[in-house]
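Accompanying notes for the structure given below.
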Amino acid sequence: MKPAPFAYVRAQSVEHALDVLAEHGDDALVLAGGQSLVPMLNLRLVQPAVVLDINALRGLAAIDTDPASGALRIGTLVRHREIASHQTVAARAPLLHDAAPWIAHPAVRHRGTLGGSLALADPAAEWPACAVALDATIRLASRDGGERSVPASAFFQGLYQSERRADELLVGCDFAPPGDDAVFSFRELARRHGDYAAVGLALSARGRPGAWTAMRVVFFGVGDTPVQASACAAALIAGVDFPEAQARLEGELDPRPDLWFSAQAKRHLAVHLLREAWRDLGNPMAGE
Amino acid sequence: MSHDPGMPSTAGPRARTIGQPSARAEARRFATGTGAYVDDLPVHRLLHAAFLRSPVAHGTIVKLDLAPALRMDGVVAAWDGETLAAHCQPVRGVLAHLPAMQAALQWPLARGRVRWVGEPVAIVVAESRAIAEDAAQSIAFEWADLPPLVDPRAALEADAPRLHPELDSNLMFTATVATANVDQAFARAATVVELALRSERVTAMSLEPRGLLAQWDAAQRRLTVRMGTQVPWMMQAVFANVLGLDCDQVRVVAADTGGSFGSKIHCYGDESAVAVAAMLVGRPLRYVVDRLEAFVSDVHARGHEAIVRAAADADGRLTAFEVDDLCGAGPFSIYPRGSVNESRHVLGLTGACYRATEYRARIRVALQNKAIYGQYRGVGHPLACLFTEAAVDAVARRLGVDPLAFRRRNLVPDDAYPHRAPSGARFERLSLCACLDELARLMDYDRLRSDQRAPSVGREPGVYRGIGLAVFVENSNHSSSNYGRGGAPIASRDGATARLTQGGGIHCAIGLTDSGQGVTTAMAQIAADAIGVPLADVRVFMGDTEHTPVSGGNWGSRGTGISGEALWQAGLALRAQLLEAAAALHACSPEALDLVDGVVQRRDDASSLCTLKALAEAIYFRPERFPPGFRPEPAAQRHYAQTEYDGIYTNGASASWVEVDTRTGFVKVLGHWIVDDCGTVINPLLLDEQLRGAAVQGIGQALFEGCLYGTQGELRNATLADYLVPMAAEMPDIHVGHVATPTATSALGAKGGAEAGVTGALASVVNAINDALLPLDAHVLELPVTPERILRAIGALDRR
Amino acid sequence: MQDIELELNGQRVRLAVSRREHLADALRQRCGLTGTHLGCEHGVCGACTVRVDGAAVRGCLMLAVQADGARVRTIEGEGDDPVMRALQDAFVERNALQCGYCTPGFLLTAAELIALDPDPSRESIRAYLSGNLCRCTGYQAIVDAVELAARRLREAPSTDGRAR
């Protein structure tokens, strides 16, 4: 199980990386943490002409705050373990802090990166769902188009497919400051510790029990992308009983089965996670 | 039985290390990264192999063009099935003593047709593995699809296309057994239960994949194969057969073997092709299957479906069992053991622990287009146990009797041996009741029952707990009835040599291998006690056909019982010879001497006469010190075969304590217990870890593992991310207890212990889950018991 | 081929590696460090665990060329580390290994855990080791051994001044 031959380019600067992408487009694959790309290379599931290693671009490995907007800016090369342990992340984006330990295992978290996970757009992964739940902004750069921003909710287009064009590098992800009344819940069901989710839920909300003003309910492991349960969220904001919200969720969720779970079972588990998350938010469950 | 555990009955030597939890000295090599598995061995001029494997389950080969591969830089040679066939012989995995068995000839590489996804089609030899893989990928391979026979039931339909035109059907094997009054027993029964059970195929998944390093010595016309294996002597015969050589032209050396569990015990086409290719290219050739290849090319196991019935009379006594078992065993019968032994265990052992006297069984083994099929730890015993124990629980439930009490009432009592089960299986001596009693004590059965029924303190609503019990037997110390009588080149008689080294230590040689069980240490303990030397003075050499006596190898829990007995006898003989030599040297009678901790002592006052070091010096360097005409003999060799029974059965009982979250279908194993009786315990530290490791494999099969095939015969989860093996976070602590009933067929009294842990685990986990689901009037009898299956069983998915 | 320079088990080494070669293969085949094992080559089993710049990582999920300039330690280079020695002793005593193929990966991962948490619970040991596959032991002995080593290290802290 050895990779097919490829050319290896270690990017010396962002400009260099963008040049390589502009030149090779689809024939080049970006190597960030490598925790998904390298197995795909080993398995010969991908056989790129060029592997572009961006690990030397330390400027893309920072966690900082945008002085203008106050947004938390996480560089594409920030590794899962830094997100898990970073004080600012815990304070400013607690959902990410809660989700990080669910990603695979320590050795994978030591290498895997936020940007790599977002760019891969694996629908069973934690970061894409969190990014959508937090209404994050994904920053893309290209030699010919400069930098552009895409809301996470528009970024994920399909199974391993995203808004990122072949000549673009995902350079980071911005998370706007949470409001004072923001609350979050992260829930996941996996057969074994560290496995990809059978079903997972990243939820963000503003308000308080009985008076929710905003809510994003985002499931992962259920479709080709992170799936926003918008009707369910609207119903919960409107203050319906939980069974009504459950019915909305069941109506709008059409999960893709996997090896071990049918669509029905995934829908059932999604309802369970929603109930747990609803409780996490401090809502009474009398209507259950 | 007069034996105490760990105390061999033979007068003379004392059990000093037998029964002690000695750590494995050899384990430090592995803890420091200095093990030497086959892929680690340094070799000059090494070449590497890779295979093109069939991507389809069934097809006719239309085009196979090796030219693109042969044109690549770094490629040395390539063969397909046709071009390789000129240099080798096919094998046929039938056992001559089973006349109902049929199987087709199997060549190392497919010829004409491909019959499973993963079947080797072509071999490429190149300067590196990566280049070999590039080349294999470049081979132009075209085929015409044939309808895949995936479902064994469909394969046995009268009008099903035949997988092998030369066979008259797709039935590899069938057998039946029935007692005279079985129909009356079911007709008269007060209670009859009928269960449909199904078990998904699994695979052993040793962490070190299969691999071999083959070297042909053209000058001496000898082949040396170093490989991860349980059976170097069997492989010597296998390679000789495939290559058309004499056995003595082949040397097989077992490298450190990274787990095996029954998977590294067969004639695999890819391994045969590598041996042939090594001869043809004249350079050392190494091949290690990668993980994806392992999933589609290692033997699979335990893929059965069965209808099981059990009957009880009005007094709650089991009167009859019946099983109708169907197994899909792939397109060939694996050589030389065959692919039907699981089913034979099901036939022989379903219901066999119980007093029921009436029995009917039918087993059928079908050819199909899935991966080849063979042995995995415990072979058919875990299935026989699952079928039996699920039915026993169902009867107990129906009668409203506690499952522990029901078993106590119905097990064959411990004083009823030797016992012949209605199937014909013969048990020398079992301790089923004693093991069950010890299990109940160890797990504190009554407390767990009350905990289970207590209001769910600290438990979420919808979370239920259950207890599952299983009683089992497990064959060990086999006679030739499995293989030798069927013509398979697998020895039943094992040899052992023990000799005094020039430094005064003891060197032993046996034909077993050690793939982690700790055989090396257990054997050293046996030798140390037989001879009378400290454990640290014994070295044990294994696994090389050039330097050890013949052995059947490690399988079927036979190593300690068979090779161990041979070594015990060799040790006793050496001890007597050394005492004779010491007596001759010191002009006294050997009867007056004893050998204790490596020192020759006078029996009367325990005074020291000489050390073995001094004796070795005299024997090897100062022959003139012995009386004229006395010839000291500082080495002994003995052989042993168990011939009184088909096998010496071990037995035990296991229990699982599980929590089922009926909201999600997720199961958590809270605790697991095993009580095992393997006769004389040589080393409880090693034994307990064998039991625990095996139990986790069983828990894995019960909850997680399964080779998931699609309708076209494609394996859908052939990666370690998708084939779920148990990991640390999900497994419970496992409590182990022992009852010791040594076999009287050997002086050592040891039976096997390496498989027992898995044998009861499937049944106890499944029974525990169904015990937990009892309040919901639901049960699951399909393995693995996934959340999906539980949710369906309780109706949670019905309304959508 | 490409030249890389790294600090390997405390020594500066220069290697010519193939661009498509993963780090575990380079260590095994070019440096003879065969204690790093390959169990799956797709990042699941942990048998190839090595330390790169101090962190335990999958050796099969890094290209060898990426190790240019890195500090790499394999099981062979850990002999002087008191945490590793304590773990090795405990693994042998407790029979926490059978075939040994997974063992170096478990030891390196467990050493990292003890560095982070000198008094880990059994549950946290199981969780931290959950990315390492052992097919032989059933894990309990491994958990026991890590617990035992951690306790010994707490009771008899080393005097060599090494940060733990």
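A note on labels: chains of the structure tokens are A, B, ... as shown, every chain counts residues from 1, and ligands are counted from 1 in their shown order.
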
Open item on the list: Which residues are near Leu133 of chain C? Cut-off 10 Å, only C-alpha atoms, ignore same chain within fewer than 2 positions. Put them as a ChimeraX atom specification.
Closed with: /B:207,720,725-728 /C:39,44-47,101-103,105-106,129-131,135-136,138-139

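Residues lying within 7 Å of segment 49-51 of chain C, counting only C-alpha atoms and ignoring same-chain neighbours fewer than 3 positions away, are Thr36, Gly46, Gly54, Ala55, Ala56, Val57, Arg58, Gly59, Val72, Arg73, Thr74, Gly105 and Leu108 of chain C.
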
Open item on the list: With 9 Å as the limit and counting only C-alpha atoms, what residues in chain A lie close to chain B? Please list them as a ChimeraX atom specification.
Closed with: /A:1-5,43,189,191-193,195-196,250,259-262,264-266,268-269,272

Put those residues in a file: N, CA and C atoms, as a JSON list (two decimals), in the first residue's frame.
[["chain", "number", "residue", "atom", "x", "y", "z"],
["A", 1, "MET", "N", 0.85, -1.19, 0.00],
["A", 1, "MET", "CA", 0.00, 0.00, 0.00],
["A", 1, "MET", "C", 0.89, 1.24, 0.00],
["A", 2, "LYS", "N", 1.43, 1.55, -1.16],
["A", 2, "LYS", "CA", 2.33, 2.71, -1.26],
["A", 2, "LYS", "C", 1.73, 3.69, -2.26],
["A", 3, "PRO", "N", 1.92, 4.98, -2.00],
["A", 3, "PRO", "CA", 1.35, 5.98, -2.91],
["A", 3, "PRO", "C", 1.92, 5.85, -4.32],
["A", 4, "ALA", "N", 1.13, 6.28, -5.29],
["A", 4, "ALA", "CA", 1.65, 6.42, -6.65],
["A", 4, "ALA", "C", 2.63, 7.60, -6.65],
["A", 5, "PRO", "N", 3.50, 7.67, -7.64],
["A", 5, "PRO", "CA", 4.48, 8.76, -7.64],
["A", 5, "PRO", "C", 3.81, 10.14, -7.77],
["A", 43, "LEU", "N", -3.60, 4.69, 0.00],
["A", 43, "LEU", "CA", -4.60, 3.77, -0.58],
["A", 43, "LEU", "C", -4.75, 3.95, -2.08],
["A", 189, "LEU", "N", -22.59, 10.79, 18.59],
["A", 189, "LEU", "CA", -22.68, 9.35, 18.84],
["A", 189, "LEU", "C", -21.74, 8.65, 17.87],
["A", 191, "ARG", "N", -19.65, 4.71, 17.39],
["A", 191, "ARG", "CA", -19.59, 3.36, 17.94],
["A", 191, "ARG", "C", -18.40, 3.21, 18.87],
["A", 192, "ARG", "N", -17.27, 3.75, 18.46],
["A", 192, "ARG", "CA", -16.06, 3.64, 19.28],
["A", 192, "ARG", "C", -15.50, 5.04, 19.48],
["A", 193, "HIS", "N", -14.84, 5.22, 20.61],
["A", 193, "HIS", "CA", -14.20, 6.48, 20.94],
["A", 193, "HIS", "C", -13.32, 6.93, 19.77],
["A", 195, "ASP", "N", -14.12, 7.44, 16.64],
["A", 195, "ASP", "CA", -14.60, 7.13, 15.29],
["A", 195, "ASP", "C", -15.34, 8.34, 14.71],
["A", 196, "TYR", "N", -15.45, 8.32, 13.39],
["A", 196, "TYR", "CA", -16.34, 9.29, 12.77],
["A", 196, "TYR", "C", -17.74, 9.10, 13.33],
["A", 250, "GLU", "N", -37.77, 15.49, 11.92],
["A", 250, "GLU", "CA", -37.97, 14.25, 11.17],
["A", 250, "GLU", "C", -38.44, 14.55, 9.76],
["A", 259, "LEU", "N", -22.48, 2.38, 6.47],
["A", 259, "LEU", "CA", -22.31, 0.93, 6.57],
["A", 259, "LEU", "C", -23.13, 0.33, 7.69],
["A", 260, "TRP", "N", -23.26, 1.07, 8.78],
["A", 260, "TRP", "CA", -23.82, 0.48, 9.99],
["A", 260, "TRP", "C", -25.16, 1.07, 10.39],
["A", 261, "PHE", "N", -25.57, 2.19, 9.78],
["A", 261, "PHE", "CA", -26.81, 2.84, 10.20],
["A", 261, "PHE", "C", -27.67, 3.17, 8.98],
["A", 262, "SER", "N", -28.93, 2.78, 9.06],
["A", 262, "SER", "CA", -29.87, 3.12, 8.01],
["A", 262, "SER", "C", -30.29, 4.59, 8.17],
["A", 264, "GLN", "N", -33.28, 5.60, 8.62],
["A", 264, "GLN", "CA", -34.23, 5.63, 9.74],
["A", 264, "GLN", "C", -33.51, 5.72, 11.07],
["A", 265, "ALA", "N", -32.50, 4.89, 11.22],
["A", 265, "ALA", "CA", -31.78, 4.87, 12.50],
["A", 265, "ALA", "C", -31.08, 6.20, 12.72],
["A", 266, "LYS", "N", -30.52, 6.76, 11.67],
["A", 266, "LYS", "CA", -29.83, 8.05, 11.82],
["A", 266, "LYS", "C", -30.83, 9.14, 12.21],
["A", 268, "HIS", "N", -33.55, 8.71, 13.84],
["A", 268, "HIS", "CA", -33.90, 8.43, 15.23],
["A", 268, "HIS", "C", -32.81, 8.96, 16.18],
["A", 269, "LEU", "N", -31.56, 8.71, 15.83],
["A", 269, "LEU", "CA", -30.46, 9.16, 16.68],
["A", 269, "LEU", "C", -30.35, 10.68, 16.66],
["A", 272, "HIS", "N", -32.66, 11.98, 19.12],
["A", 272, "HIS", "CA", -32.11, 11.77, 20.46],
["A", 272, "HIS", "C", -31.08, 12.86, 20.80]]

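By only C-alpha atoms, and with residues fewer than 5 positions from Gly251 of chain A along its chain excluded, the set lying at most 9 Å from it is Ala231, Cys232 and Gln246 of chain A.
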
Open item on the list: When DSSP is applied to the backbone of this structure, which of segment 268-481 of chain B are assigned strand (DSSP E or B)? Write them out as a PyMOL selection string.
Closed with: chain B and resi 285-288+300-301+304-312+318-328+333+354+358-366+373+411+419-420+426-427+463-476

Per residue of chain A within 9 Å of chain C, what are the shortest atom pair and its distance in Å to one decimal, counting only C-alpha atoms, with rows by chain and residue number, as CSV?
residue,atom,partner,partner_atom,distance
A:Met1,CA,C:Glu41,CA,7.1
A:Lys2,CA,C:Glu21,CA,7.5
A:Pro3,CA,C:Arg20,CA,6.0
A:Ala4,CA,C:Arg20,CA,7.2
A:Pro5,CA,C:Arg20,CA,6.0
A:Phe6,CA,C:Arg20,CA,6.7
A:Ala7,CA,C:Arg19,CA,7.2
A:Tyr8,CA,C:Arg19,CA,6.4
A:Arg10,CA,C:Gln66,CA,8.6
A:Gly33,CA,C:Met62,CA,8.4
A:Gly34,CA,C:Leu61,CA,6.3
A:Gln35,CA,C:Leu61,CA,5.9
A:Ser36,CA,C:Leu61,CA,8.2
A:Leu37,CA,C:Leu61,CA,8.3
A:Val38,CA,C:Leu61,CA,5.3
A:Pro39,CA,C:His42,CA,4.5
A:Met40,CA,C:His42,CA,7.7
A:Leu41,CA,C:Arg20,CA,8.7
A:Asn42,CA,C:Glu41,CA,6.8
A:Leu43,CA,C:His42,CA,7.4
A:Asp53,CA,C:Gln66,CA,8.1
A:Asn55,CA,C:Gln66,CA,8.3
A:Ala104,CA,C:Gly131,CA,7.5
A:His105,CA,C:Gly131,CA,5.2
A:Pro106,CA,C:Tyr128,CA,6.9
A:Ala107,CA,C:Val57,CA,4.3
A:Val108,CA,C:Val57,CA,6.5
A:Arg109,CA,C:Val57,CA,8.6
A:His110,CA,C:Val57,CA,6.6
A:Arg111,CA,C:Val57,CA,7.0
A:Arg192,CA,C:Ser130,CA,8.5
A:His193,CA,C:Ser130,CA,6.5
A:Gly194,CA,C:Gly131,CA,7.3

TODO: Enumerate, as an MDAnalysis selection string, the complete set of residues in segment 3-175 of chain A that a backbone-based DSSP assignment places in alpha helix (DSSP H).
DONE: chainID A and resid 14:24 37:42 80:85 87:92 94:99 106:111 114:120 126:133 152:155

Open item on the list: Give me, as a ChimeraX atom specification, all polymer residues having an atom no more than 7 Å from Gly19 of chain B, counting only C-alpha atoms and skipping those fewer than 2 positions away in the same chain.
Closed with: /B:6,17,21,681-684

Save out the residues we just selected, N, CA, C and O atoms, as a PDB file, in the first residue's frame.
ATOM      1  N   GLY B   6      -1.272 -27.463  38.785  1.00  0.00           N
ATOM      2  CA  GLY B   6       0.133 -27.077  38.744  1.00  0.00           C
ATOM      3  C   GLY B   6       1.077 -28.085  39.351  1.00  0.00           C
ATOM      4  O   GLY B   6       2.258 -27.816  39.509  1.00  0.00           O
ATOM      5  N   THR B  17       8.221 -23.971  39.270  1.00  0.00           N
ATOM      6  CA  THR B  17       7.846 -22.829  38.429  1.00  0.00           C
ATOM      7  C   THR B  17       6.508 -23.073  37.742  1.00  0.00           C
ATOM      8  O   THR B  17       5.817 -22.123  37.391  1.00  0.00           O
ATOM      9  N   PRO B  21       3.194 -17.306  38.144  1.00  0.00           N
ATOM     10  CA  PRO B  21       2.924 -16.274  37.124  1.00  0.00           C
ATOM     11  C   PRO B  21       4.211 -15.613  36.627  1.00  0.00           C
ATOM     12  O   PRO B  21       4.397 -14.406  36.752  1.00  0.00           O
ATOM     13  N   VAL B 681      -2.459 -25.721  35.189  1.00  0.00           N
ATOM     14  CA  VAL B 681      -2.112 -24.372  34.751  1.00  0.00           C
ATOM     15  C   VAL B 681      -0.598 -24.209  34.823  1.00  0.00           C
ATOM     16  O   VAL B 681       0.002 -24.346  35.896  1.00  0.00           O
ATOM     17  N   ILE B 682       0.007 -23.935  33.695  1.00  0.00           N
ATOM     18  CA  ILE B 682       1.470 -23.779  33.691  1.00  0.00           C
ATOM     19  C   ILE B 682       1.842 -22.387  34.184  1.00  0.00           C
ATOM     20  O   ILE B 682       2.760 -22.228  34.984  1.00  0.00           O
ATOM     21  N   ASN B 683       1.138 -21.369  33.683  1.00  0.00           N
ATOM     22  CA  ASN B 683       1.487 -19.993  34.046  1.00  0.00           C
ATOM     23  C   ASN B 683       0.216 -19.153  34.056  1.00  0.00           C
ATOM     24  O   ASN B 683      -0.287 -18.773  33.006  1.00  0.00           O
ATOM     25  N   PRO B 684      -0.312 -18.865  35.236  1.00  0.00           N
ATOM     26  CA  PRO B 684      -1.596 -18.153  35.294  1.00  0.00           C
ATOM     27  C   PRO B 684      -1.537 -16.744  34.717  1.00  0.00           C
ATOM     28  O   PRO B 684      -2.539 -16.250  34.195  1.00  0.00           O
TER      29      PRO B 684
END

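In this model, the gap between atom CA of Phe472 of chain B and atom CA of Gly303 of chain B comes to 19.7 Å.
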
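We find atom CA of Leu326 of chain B and atom CA of Ala104 of chain B to be spaced 19.8 Å apart.
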
- [ ] Would you mind listing what lies within 10 Å of Met285 of chain A as number ranges by chain, with only C-alpha atoms counted and same-chain residues fewer than 4 positions away left out?
- [x] A: 241-243, 275-276, 278-279

List as an mmCIF file with N, CA and C atoms, in the first residue's frame the protein and nucleic acid residues near segment 381-387 of chain B, meaning an atom at most 8 Å away when only C-alpha atoms are counted, but skip any in the same chain fewer than 2 places from it.
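Final output, selection_31.cif:
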data_model
loop_
_atom_site.group_PDB
_atom_site.id
_atom_site.type_symbol
_atom_site.label_atom_id
_atom_site.label_comp_id
_atom_site.auth_asym_id
_atom_site.auth_seq_id
_atom_site.Cartn_x
_atom_site.Cartn_y
_atom_site.Cartn_z
ATOM 1 N N LEU B 197 -30.735 -17.842 14.252
ATOM 2 C CA LEU B 197 -29.539 -17.064 14.587
ATOM 3 C C LEU B 197 -28.707 -16.833 13.342
ATOM 4 N N ARG B 302 -16.784 -17.742 10.699
ATOM 5 C CA ARG B 302 -17.977 -17.561 11.535
ATOM 6 C C ARG B 302 -19.180 -16.979 10.813
ATOM 7 N N ALA B 306 -28.413 -20.297 11.353
ATOM 8 C CA ALA B 306 -28.871 -21.570 11.900
ATOM 9 C C ALA B 306 -30.264 -21.422 12.481
ATOM 10 N N VAL B 308 -32.234 -23.132 15.420
ATOM 11 C CA VAL B 308 -31.936 -23.957 16.598
ATOM 12 C C VAL B 308 -33.236 -24.186 17.351
ATOM 13 N N GLU B 342 -15.666 -25.520 11.211
ATOM 14 C CA GLU B 342 -16.625 -24.812 12.071
ATOM 15 C C GLU B 342 -17.934 -25.565 12.114
ATOM 16 N N HIS B 345 -17.870 -28.593 14.170
ATOM 17 C CA HIS B 345 -18.000 -28.320 15.609
ATOM 18 C C HIS B 345 -19.453 -28.057 15.988
ATOM 19 N N VAL B 346 -20.144 -27.322 15.125
ATOM 20 C CA VAL B 346 -21.562 -27.056 15.400
ATOM 21 C C VAL B 346 -22.319 -28.383 15.504
ATOM 22 N N LEU B 347 -22.021 -29.285 14.591
ATOM 23 C CA LEU B 347 -22.683 -30.591 14.599
ATOM 24 C C LEU B 347 -22.345 -31.364 15.871
ATOM 25 N N LEU B 349 -21.156 -30.280 18.838
ATOM 26 C CA LEU B 349 -21.161 -29.684 20.171
ATOM 27 C C LEU B 349 -22.421 -28.914 20.543
ATOM 28 N N THR B 350 -23.317 -28.693 19.598
ATOM 29 C CA THR B 350 -24.540 -27.981 19.986
ATOM 30 C C THR B 350 -25.285 -28.811 21.031
ATOM 31 N N GLY B 351 -25.584 -28.197 22.134
ATOM 32 C CA GLY B 351 -26.316 -28.883 23.205
ATOM 33 C C GLY B 351 -25.502 -29.865 24.013
ATOM 34 N N GLY B 378 -10.913 -20.484 18.176
ATOM 35 C CA GLY B 378 -12.128 -21.133 18.666
ATOM 36 C C GLY B 378 -12.891 -21.871 17.576
ATOM 37 N N VAL B 379 -12.574 -21.552 16.328
ATOM 38 C CA VAL B 379 -13.204 -22.162 15.149
ATOM 39 C C VAL B 379 -14.726 -22.238 15.360
ATOM 40 N N GLU B 389 -26.537 -21.765 23.949
ATOM 41 C CA GLU B 389 -26.825 -20.943 25.126
ATOM 42 C C GLU B 389 -27.949 -19.949 24.863
ATOM 43 N N ALA B 390 -28.081 -19.504 23.623
ATOM 44 C CA ALA B 390 -29.228 -18.641 23.310
ATOM 45 C C ALA B 390 -30.516 -19.440 23.463
ATOM 46 N N ALA B 391 -30.480 -20.700 23.023
ATOM 47 C CA ALA B 391 -31.679 -21.544 23.133
ATOM 48 C C ALA B 391 -31.973 -21.875 24.595
ATOM 49 N N ALA B 470 -22.964 -18.132 29.820
ATOM 50 C CA ALA B 470 -22.680 -19.129 28.793
ATOM 51 C C ALA B 470 -21.783 -20.199 29.390
ATOM 52 N N VAL B 471 -22.114 -21.428 29.082
ATOM 53 C CA VAL B 471 -21.290 -22.573 29.484
ATOM 54 C C VAL B 471 -20.738 -23.159 28.202
ATOM 55 N N PHE B 472 -19.485 -23.552 28.237
ATOM 56 C CA PHE B 472 -18.898 -23.998 26.967
ATOM 57 C C PHE B 472 -17.899 -25.129 27.145
ATOM 58 N N VAL B 473 -17.684 -25.822 26.053
ATOM 59 C CA VAL B 473 -16.552 -26.743 25.944
ATOM 60 C C VAL B 473 -15.685 -26.282 24.780
ATOM 61 N N GLU B 474 -14.431 -26.694 24.822
ATOM 62 C CA GLU B 474 -13.488 -26.278 23.773
ATOM 63 C C GLU B 474 -12.503 -27.429 23.601
ATOM 64 N N VAL B 758 -12.796 -16.789 23.991
ATOM 65 C CA VAL B 758 -13.703 -16.356 22.933
ATOM 66 C C VAL B 758 -14.943 -17.244 22.878
ATOM 67 N N THR B 759 -14.795 -18.470 23.338
ATOM 68 C CA THR B 759 -15.843 -19.459 23.086
ATOM 69 C C THR B 759 -17.161 -19.093 23.746
ATOM 70 N N GLY B 760 -17.085 -18.619 24.991
ATOM 71 C CA GLY B 760 -18.321 -18.247 25.670
ATOM 72 C C GLY B 760 -18.731 -16.807 25.458
ATOM 73 N N ALA B 761 -17.813 -15.991 24.927
ATOM 74 C CA ALA B 761 -18.062 -14.543 24.915
ATOM 75 C C ALA B 761 -19.229 -14.147 24.016
ATOM 76 N N LEU B 762 -19.305 -14.743 22.844
ATOM 77 C CA LEU B 762 -20.403 -14.385 21.941
ATOM 78 C C LEU B 762 -21.740 -14.613 22.636
ATOM 79 N N ALA B 763 -21.870 -15.812 23.203
ATOM 80 C CA ALA B 763 -23.148 -16.182 23.803
ATOM 81 C C ALA B 763 -23.437 -15.333 25.037
ATOM 82 N N SER B 764 -22.442 -15.084 25.862
ATOM 83 C CA SER B 764 -22.770 -14.359 27.088
ATOM 84 C C SER B 764 -23.120 -12.904 26.781
#

- [ ] For Arg24 of chain B, list every protein, DNA or RNA residue within 9 Å, evaluated using only C-alpha atoms, and leave out those in the same chain fewer than 3 positions away; present the list as a list in words.
- [x] Ala27, Arg28, Gly518, Thr520, Thr521, Ala522 and Leu686 of chain B; Val92, Glu93 and Asn95 of chain C

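Considering only C-alpha atoms, the residue among B:Ala312, B:Leu146, B:Ala750, B:Ala255 positioned nearest to chain C is B:Ala255.
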
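Distance annotation: of C:Ala141, C:Ala111, C:Ala67, C:Ala24, the residue with the minimal separation from chain B is C:Ala141; atom set is only C-alpha atoms.
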
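In this comparison, which uses only C-alpha atoms, the residue of C:Leu27, C:Ala115, C:Ala150, C:Ala156 approaching chain B most closely is C:Leu27.
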
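Of note, atom CA of Ala152 of chain A and atom CA of Gly210 of chain A are spaced 28.0 Å apart.
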